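Peer 1: Data: start-v1.cif, mmCIF, C-alpha atoms.
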```
data_structure
loop_
_atom_site.label_atom_id
_atom_site.label_comp_id
_atom_site.auth_asym_id
_atom_site.auth_seq_id
_atom_site.Cartn_x
_atom_site.Cartn_y
_atom_site.Cartn_z
CA MET A 1054 75.03 24.21 42.81
CA ILE A 1055 74.46 20.59 43.84
CA ALA A 1056 71.34 19.08 42.24
CA ARG A 1057 68.82 17.80 44.73
CA PRO A 1058 67.57 14.20 44.54
CA PHE A 1059 64.44 13.85 42.42
CA THR A 1060 61.49 11.55 43.06
CA GLU A 1061 58.31 10.43 41.33
CA ARG A 1062 56.60 13.51 42.75
CA ASP A 1063 58.82 15.65 40.53
CA ILE A 1064 57.54 13.80 37.47
CA HIS A 1065 54.04 15.04 38.26
CA LEU A 1066 55.34 18.56 38.96
CA ALA A 1067 57.12 18.59 35.61
CA LEU A 1068 54.08 17.33 33.69
CA ASP A 1069 51.90 19.95 35.39
CA GLY A 1070 54.39 22.70 34.56
CA GLU A 1071 55.14 23.32 38.24
CA LEU A 1072 58.78 22.24 38.34
CA PRO A 1073 60.99 25.32 38.89
CA GLU A 1074 62.73 26.50 35.74
CA ASP A 1075 66.19 26.32 37.31
CA GLU A 1076 65.68 22.62 38.14
CA ARG A 1077 64.55 21.41 34.73
CA ALA A 1078 67.99 20.67 33.28
CA ALA A 1079 68.95 18.60 36.35
CA TYR A 1080 65.56 16.88 36.27
CA GLN A 1081 66.02 15.91 32.60
CA ALA A 1082 69.49 14.57 33.39
CA TRP A 1083 67.97 12.52 36.21
CA LEU A 1084 65.39 11.05 33.83
CA ASP A 1085 68.09 10.19 31.28
CA ALA A 1086 70.07 8.42 34.00
CA ASN A 1087 67.03 6.49 35.28
CA PRO A 1088 65.31 4.62 32.42
CA ASP A 1089 62.56 3.25 34.68
CA MET A 1090 61.57 6.74 35.80
CA LYS A 1091 61.84 8.04 32.24
CA ALA A 1092 59.49 5.30 31.05
CA ARG A 1093 57.12 6.11 33.92
CA SER A 1094 57.21 9.78 32.95
CA GLN A 1095 56.32 8.86 29.36
CA ARG A 1096 53.38 6.76 30.54
CA TYR A 1097 52.11 9.55 32.79
CA ALA A 1098 52.43 12.00 29.90
CA ALA A 1099 50.42 9.68 27.66
CA ASP A 1100 47.75 9.28 30.36
CA GLN A 1101 47.61 13.06 30.73
CA ALA A 1102 47.23 13.51 26.99
CA ALA A 1103 44.52 10.86 26.82
CA LEU A 1104 42.57 12.47 29.67
CA ARG A 1105 42.82 15.87 28.05
CA GLY A 1106 41.60 14.38 24.80
CA ALA A 1107 38.71 12.63 26.54
CA PHE A 1108 37.54 15.82 28.24
CA ALA A 1109 38.54 18.32 25.55
CA GLY A 1110 34.91 19.13 24.89
CA VAL A 1111 34.17 20.25 28.45
CA LEU A 1112 37.43 21.69 29.80
CA ASP A 1113 36.70 25.16 28.46
CA GLU A 1114 32.99 25.18 29.26
CA LYS A 1115 31.64 27.82 31.60
CA VAL A 1116 31.27 26.68 35.22
CA PRO A 1117 27.59 25.72 35.76
CA ALA A 1118 25.58 28.28 37.72
CA ARG A 1119 24.61 25.67 40.34
CA LEU A 1120 28.29 25.07 41.19
CA THR A 1121 29.02 28.78 41.38
CA ALA A 1122 26.04 29.13 43.70
CA ALA A 1123 27.32 26.30 45.89
CA VAL A 1124 30.70 28.01 46.23
CA ASP A 1125 28.88 31.22 47.21
CA GLY A 1126 27.07 29.33 49.95
CA GLU A 1127 23.68 29.04 48.29
CA ALA A 1128 21.74 25.83 48.79
CA PRO A 1129 21.81 23.73 45.62
CA LYS A 1130 18.61 22.61 43.98
CA ARG A 1131 17.92 18.90 44.34
CA ARG A 1132 18.32 16.75 41.25
CA PRO A 1133 16.07 13.84 40.42
CA ALA A 1134 17.44 10.63 41.91
CA SER A 1135 17.97 9.00 38.53
CA GLN A 1136 20.21 11.84 37.36
CA TRP A 1137 22.24 11.77 40.58
CA TRP A 1138 22.70 8.00 40.27
CA ARG A 1139 24.02 8.37 36.73
CA MET A 1140 26.47 11.08 37.80
CA ALA A 1141 27.72 9.01 40.73
CA ALA A 1142 28.12 5.92 38.57
CA ALA A 1143 30.07 7.84 35.96
CA ALA A 1144 32.39 9.31 38.60
CA THR A 1145 32.93 5.90 40.19
CA LEU A 1146 33.79 4.31 36.86
CA LEU A 1147 36.20 7.12 36.04
CA VAL A 1148 38.04 6.79 39.36
CA ALA A 1149 38.05 2.99 39.44
CA GLY A 1150 38.86 2.48 35.81
CA GLY A 1151 41.27 5.33 35.11
CA LEU A 1152 41.80 5.20 31.39
CA GLY A 1153 39.50 2.25 31.04
CA GLY A 1154 38.57 3.32 27.54
CA TYR A 1155 41.85 1.92 26.33
CA LEU A 1156 40.99 -1.49 27.70
CA ALA A 1157 37.50 -1.34 26.27
CA GLY A 1158 38.84 -0.38 22.87
CA SER A 1159 39.53 -3.93 21.70
CA SER A 1160 37.30 -6.95 22.10
CA GLU A 1161 40.39 -9.14 21.82
CA LEU A 1162 41.87 -7.87 25.09
CA GLY A 1163 40.98 -8.66 28.67
CA PHE A 1164 41.27 -6.35 31.64
CA GLY A 1165 44.54 -7.79 32.96
CA LEU A 1166 47.80 -6.09 32.07
CA HIS A 1167 49.20 -8.91 29.94
CA ASP A 1168 52.27 -8.60 27.73
CA ASP A 1169 50.22 -7.52 24.72
CA ASP A 1170 48.41 -4.87 26.78
CA ARG A 1171 51.66 -3.54 28.17
CA VAL A 1172 53.44 -3.41 24.82
CA ALA A 1173 50.49 -1.57 23.27
CA GLU A 1174 50.38 0.85 26.21
CA ASP A 1175 54.12 1.49 25.97
CA ALA A 1176 53.78 2.14 22.23
CA LEU A 1177 50.87 4.54 22.79
CA ALA A 1178 52.79 6.34 25.56
CA ALA A 1179 55.86 6.76 23.37
CA HIS A 1180 53.70 7.95 20.46
CA ALA A 1181 51.86 10.52 22.58
CA THR A 1182 55.11 11.78 24.10
CA TYR A 1183 57.16 12.27 20.94
CA ILE A 1184 54.88 12.99 17.97
CA ALA A 1185 53.79 16.24 19.59
CA ASP A 1186 57.41 17.41 19.93
CA ALA A 1187 57.84 19.59 16.87
CA ALA A 1188 61.50 20.39 17.58
CA HIS A 1189 62.94 17.05 18.74
CA PRO A 1190 60.62 14.14 17.92
CA VAL A 1191 63.57 11.87 17.10
CA GLU A 1192 67.18 11.33 18.16
CA VAL A 1193 68.48 10.33 14.72
CA SER A 1194 67.11 11.72 11.43
CA GLY A 1195 65.62 9.47 8.79
CA GLU A 1196 67.56 11.14 5.98
CA ASN A 1197 69.92 8.14 5.97
CA PRO A 1198 67.68 5.11 6.69
CA ASP A 1199 70.60 2.65 6.59
CA TYR A 1200 72.47 4.54 9.27
CA LEU A 1201 69.31 4.93 11.35
CA THR A 1202 68.41 1.24 11.25
CA GLY A 1203 72.01 0.23 11.93
CA TRP A 1204 72.01 2.47 15.00
CA LEU A 1205 68.63 1.19 16.18
CA SER A 1206 69.65 -2.44 15.62
CA LYS A 1207 72.84 -1.97 17.62
CA ARG A 1208 71.04 -0.25 20.49
CA THR A 1209 68.16 -2.73 20.69
CA GLY A 1210 69.96 -5.97 19.79
CA LEU A 1211 67.35 -6.60 17.09
CA LYS A 1212 67.84 -6.75 13.35
CA LEU A 1213 65.67 -3.88 12.15
CA ILE A 1214 64.72 -2.08 8.97
CA ALA A 1215 62.75 1.13 8.50
CA PRO A 1216 59.59 0.22 6.55
CA ASP A 1217 59.07 2.22 3.36
CA LEU A 1218 55.55 3.63 3.75
CA ALA A 1219 55.64 5.98 0.75
CA THR A 1220 52.77 4.14 -0.94
CA SER A 1221 50.65 5.01 2.09
CA GLY A 1222 51.77 8.63 1.92
CA PHE A 1223 54.19 8.59 4.86
CA LYS A 1224 57.83 9.67 4.92
CA LEU A 1225 60.33 8.58 7.57
CA VAL A 1226 61.14 11.39 10.01
CA GLY A 1227 63.64 9.43 12.10
CA GLY A 1228 63.89 7.30 15.20
CA ARG A 1229 64.90 7.05 18.83
CA VAL A 1230 65.63 4.42 21.48
CA LEU A 1231 63.44 3.97 24.56
CA PRO A 1232 63.59 1.80 27.69
CA ALA A 1233 61.46 -1.36 27.58
CA LYS A 1234 60.76 -4.45 29.67
CA HIS A 1235 63.33 -6.62 27.89
CA GLY A 1236 65.98 -3.94 27.42
CA THR A 1237 65.26 -1.26 24.84
CA ALA A 1238 62.72 -0.41 22.16
CA ALA A 1239 63.03 1.32 18.80
CA LEU A 1240 60.56 4.05 17.88
CA MET A 1241 60.39 5.21 14.25
CA ILE A 1242 58.23 8.21 13.40
CA TYR A 1243 56.63 8.90 10.01
CA GLU A 1244 54.73 11.92 8.66
CA ASP A 1245 52.44 12.49 5.70
CA GLY A 1246 51.96 15.60 3.58
CA GLN A 1247 49.32 16.98 5.94
CA GLY A 1248 51.57 16.69 8.99
CA GLU A 1249 49.81 13.60 10.36
CA ARG A 1250 52.30 11.43 12.23
CA ILE A 1251 52.36 7.72 12.93
CA SER A 1252 54.95 5.66 14.77
CA VAL A 1253 56.40 2.16 14.51
CA TYR A 1254 57.41 0.69 17.88
CA VAL A 1255 59.54 -2.47 17.97
CA THR A 1256 61.05 -4.25 20.96
CA ALA A 1257 62.16 -7.69 22.09
CA GLU A 1258 59.47 -9.70 23.86
CA GLY A 1259 59.29 -13.04 25.62
CA GLY A 1260 57.57 -16.08 24.20
CA ALA A 1261 54.16 -14.42 24.00
CA LYS A 1262 52.19 -14.61 20.76
CA ALA A 1263 49.29 -12.23 20.16
CA LYS A 1264 47.87 -9.63 17.82
CA GLY A 1265 45.12 -7.06 17.99
CA THR A 1266 44.10 -3.43 18.14
CA TYR A 1267 44.33 -1.40 21.31
CA GLY A 1268 42.96 2.06 22.03
CA PRO A 1269 39.85 4.13 22.72
CA GLU A 1270 36.74 3.60 20.63
CA ASP A 1271 35.79 7.28 20.66
CA GLY A 1272 38.78 8.67 18.81
CA GLY A 1273 42.43 9.26 19.50
CA ALA A 1274 45.54 7.26 18.69
CA ARG A 1275 45.26 3.48 18.47
CA ALA A 1276 47.85 0.71 18.26
CA VAL A 1277 47.77 -2.24 15.87
CA TYR A 1278 50.23 -4.74 17.34
CA TRP A 1279 51.81 -8.18 16.96
CA LEU A 1280 53.81 -10.31 19.38
CA ASP A 1281 55.60 -13.25 17.76
CA GLN A 1282 58.98 -15.02 17.66
CA GLY A 1283 60.45 -12.91 20.45
CA TYR A 1284 59.46 -9.62 18.82
CA ALA A 1285 56.77 -7.09 19.63
CA CYS A 1286 55.70 -4.56 17.02
CA ALA A 1287 53.03 -1.84 17.26
CA ILE A 1288 52.00 0.72 14.65
CA VAL A 1289 50.32 3.70 16.31
CA GLY A 1290 48.37 6.54 14.78
CA ASN A 1291 45.26 8.68 14.89
CA LEU A 1292 43.97 7.40 11.56
CA PRO A 1293 40.67 5.82 10.50
CA GLN A 1294 40.81 2.18 11.58
CA GLU A 1295 40.82 0.75 8.06
CA ARG A 1296 43.70 2.96 6.92
CA LEU A 1297 45.70 2.34 10.11
CA SER A 1298 45.28 -1.41 9.65
CA GLU A 1299 46.47 -1.20 6.03
CA VAL A 1300 49.55 0.82 6.98
CA ALA A 1301 50.23 -1.56 9.87
CA ARG A 1302 50.06 -4.65 7.64
CA ASP A 1303 52.41 -3.04 5.13
CA ALA A 1304 54.90 -2.05 7.85
CA TYR A 1305 54.78 -5.43 9.55
CA LYS A 1306 55.33 -7.37 6.30
CA GLN A 1307 58.40 -5.28 5.56
CA LEU A 1308 59.74 -5.68 9.09
CA LEU A 1309 59.19 -9.41 8.86
CA ALA A 1310 60.86 -9.74 5.45
CA GLY A 1311 63.72 -7.37 6.14
CA SER A 1312 64.66 -8.53 9.60
CA GLY A 1313 63.89 -12.23 9.37
CA MET A 1314 62.56 -11.75 12.88
CA SER A 1315 65.91 -12.84 14.29
CA ARG A 1316 68.31 -11.40 16.81
CA THR A 1317 71.56 -9.83 15.72
#
```
Rewrite the structure from the file as structure tokens, please.

Peer 2:
Amino acid sequence: MIARPFTERDIHLALDGELPEDERAAYQAWLDANPDMKARSQRYAADQAALRGAFAGVLDEKVPARLTAAVDGEAPKRRPASQWWRMAAAATLLVAGGLGGYLAGSSELGFGLHDDDRVAEDALAAHATYIADAAHPVEVSGENPDYLTGWLSKRTGLKLIAPDLATSGFKLVGGRVLPAKHGTAALMIYEDGQGERISVYVTAEGGAKAKGTYGPEDGGARAVYWLDQGYACAIVGNLPQERLSEVARDAYKQLLAGSGMSRT
């Protein structure tokens, strides 16, 4: 059987669970052969996860009686103008802003998609895509950190180490390589005793220099990131902000000391 050509539409079908079962192997092979589409798929998956998280409290609610009545052809009762205005404004903001909560999550960021925004978004997308994969979250196990970091360094062209986060309660699960703007990125995943996972995302970056926190204010995973000396590093997790910042500082100091922030 000759595999048909896939398009961006198939990414949405796959994420919605509507891609035919007999096409999934060929679709995955297509993603692996097209890094740009694979990265796009990861971003769409992260957006989907973020939307589900944002509306988790209402997705399973019973359909309001007024909507059921409207479907049945009954005339809806009029709402006060102020309530209708608030509903319309909320819908407009949702459509126009998409996942605007991510942009509003940090006072240090503007609304343009600058390098720091994009790196943080890529790190959040990778985190959302792989930490939920119980069977295959990583490509290479963290049982041999030296081998893992040697492999990641070779694939990314960066001199990398795997930060030891044992003092923060996290053990290295392993890592994988992902497509990125300037070539490839390394993703290292860690897990604590309660099964909480965080990720360390490192990639080459241009001459940009920035740091900050990026993510929603109302819960969910957030990224603490740095861009400096041609490197971009983001530590992502669904932890209280103070703890995430402490883990991020520890990881970044080790990356800085161990790698010298220099290319191989």

Peer 1: Taking every listed atom of range 1093-1098 of chain A and adding 5 Å to each side, what centre and edge lengths in Å (one decimal) does the axis-aligned box have, as lines of an AutoDock Vina configuration file?

Peer 2:
```
center_x = 54.7
center_y = 9.1
center_z = 31.6
size_x = 15.1
size_y = 15.9
size_z = 14.6
```

Peer 1: Pull the closest atom pair for each residue of range 1159-1244 of chain A that gets at most 12 Å from range 1063-1085 of chain A, along with the distance in Å to one decimal, counting all atoms listed in the file, ordering rows by chain and then ascending residue number, as JSON lines.

Peer 2:
```
{"residue": "A:Thr1182", "atom": "CA", "partner": "A:Leu1068", "partner_atom": "CA", "distance": 11.1}
{"residue": "A:Val1230", "atom": "CA", "partner": "A:Asp1085", "partner_atom": "CA", "distance": 11.6}
{"residue": "A:Leu1231", "atom": "CA", "partner": "A:Asp1085", "partner_atom": "CA", "distance": 10.3}
{"residue": "A:Pro1232", "atom": "CA", "partner": "A:Asp1085", "partner_atom": "CA", "distance": 10.2}
```

Peer 1: Would you export the selected residues with C-alpha atoms as a short mmCIF file (atom, residue, chain, number, x, y, z; two decimals), in the coordinates of the input, please?

Peer 2:
```cif
data_model
loop_
_atom_site.label_atom_id
_atom_site.label_comp_id
_atom_site.auth_asym_id
_atom_site.auth_seq_id
_atom_site.Cartn_x
_atom_site.Cartn_y
_atom_site.Cartn_z
CA THR A 1182 55.11 11.78 24.10
CA VAL A 1230 65.63 4.42 21.48
CA LEU A 1231 63.44 3.97 24.56
CA PRO A 1232 63.59 1.80 27.69
#
```

Peer 1: I'd like the neighbourhood of Ala1102 in chain A as a ChimeraX atom specification, where a residue qualifies if any of its atoms comes within 12 Å (using only C-alpha atoms), though same-chain residues fewer than 6 positions away should be ignored.

Peer 2: /A:1068-1069,1095-1096,1108-1109,1152,1177-1185,1273-1274

Peer 1: Just the number, please: distance in Å from CA of Ala1219 in chain A to CA of Gly1290 in chain A, one decimal.

Peer 2: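 Straight-line distance from CA of Ala1219 in chain A to CA of Gly1290 in chain A works out to 15.8 Å.
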
Peer 1: Could you tell me, as a PyMOL selection string, exactly which residues end up selected when the PyMOL selection byres ((chain A and resi 1195) around 6) is applied to this structure?

Peer 2: chain A and resi 1194+1196-1198+1225-1227

Peer 1: Kindly resolve the PyMOL selection byres ((chain A and resi 1292) around 12) on the present coordinates and return the residues as a VMD selection string.

Peer 2: chain A and resid 1221 1245 1249 to 1252 1268 1272 to 1277 1288 to 1291 1293 to 1301

Peer 1: Given the file above and the PyMOL selection byres ((chain A and resi 1263) around 8), which residues are selected, and can you give them as an NGL selection string?

Peer 2: :A and (1169 or 1261-1262 or 1264-1265 or 1279-1281)

Peer 1: For Tyr1097 in chain A, which of A:Arg1302, A:Asp1175, A:Arg1057, A:Ala1238 is the closest residue, counting only C-alpha atoms?

Peer 2: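 Answer, going by the shortest atom-to-atom distance: A:Asp1175.
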
Peer 1: Could you work out how far CA of Asp1100 in chain A lies from CA of Tyr1305 in chain A, giving the answer in Å with one decimal?

Peer 2: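 Going from CA of Tyr1305 in chain A over to CA of Asp1100 in chain A, I get 26.4 Å.
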
Peer 1: Using all atoms listed in the file for the distances, tell me which of A:Val1172, A:Asp1217, A:Trp1204, A:Lys1224 is nearest to Ala1257 in chain A.

Peer 2: A:Val1172

Peer 1: Mind giving me the straight-line distance from CA of Asp1186 in chain A to CA of Lys1212 in chain A in Å, one decimal?

Peer 2: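 For CA of Asp1186 in chain A relative to CA of Lys1212 in chain A, the distance reads 27.1 Å.
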
Peer 1: Restricting the calculation to only C-alpha atoms: of A:Ala1310, A:Ala1215, A:Val1191, A:Ala1092, which residue gets closest to Glu1174 in chain A?

Peer 2: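 Between A:Ala1310, A:Ala1215, A:Val1191, A:Ala1092, the residue approaching Glu1174 in chain A most closely is A:Ala1092.
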
Peer 1: What lies within 7 Å of Tyr1254 in chain A using all atoms listed in the file, ignoring chain neighbours under 3 positions off, as a list in words?

Peer 2: Ala1176, Ala1238, Ala1239, Leu1240, Met1241, Cys1286, Ala1287 and Ile1288 of chain A
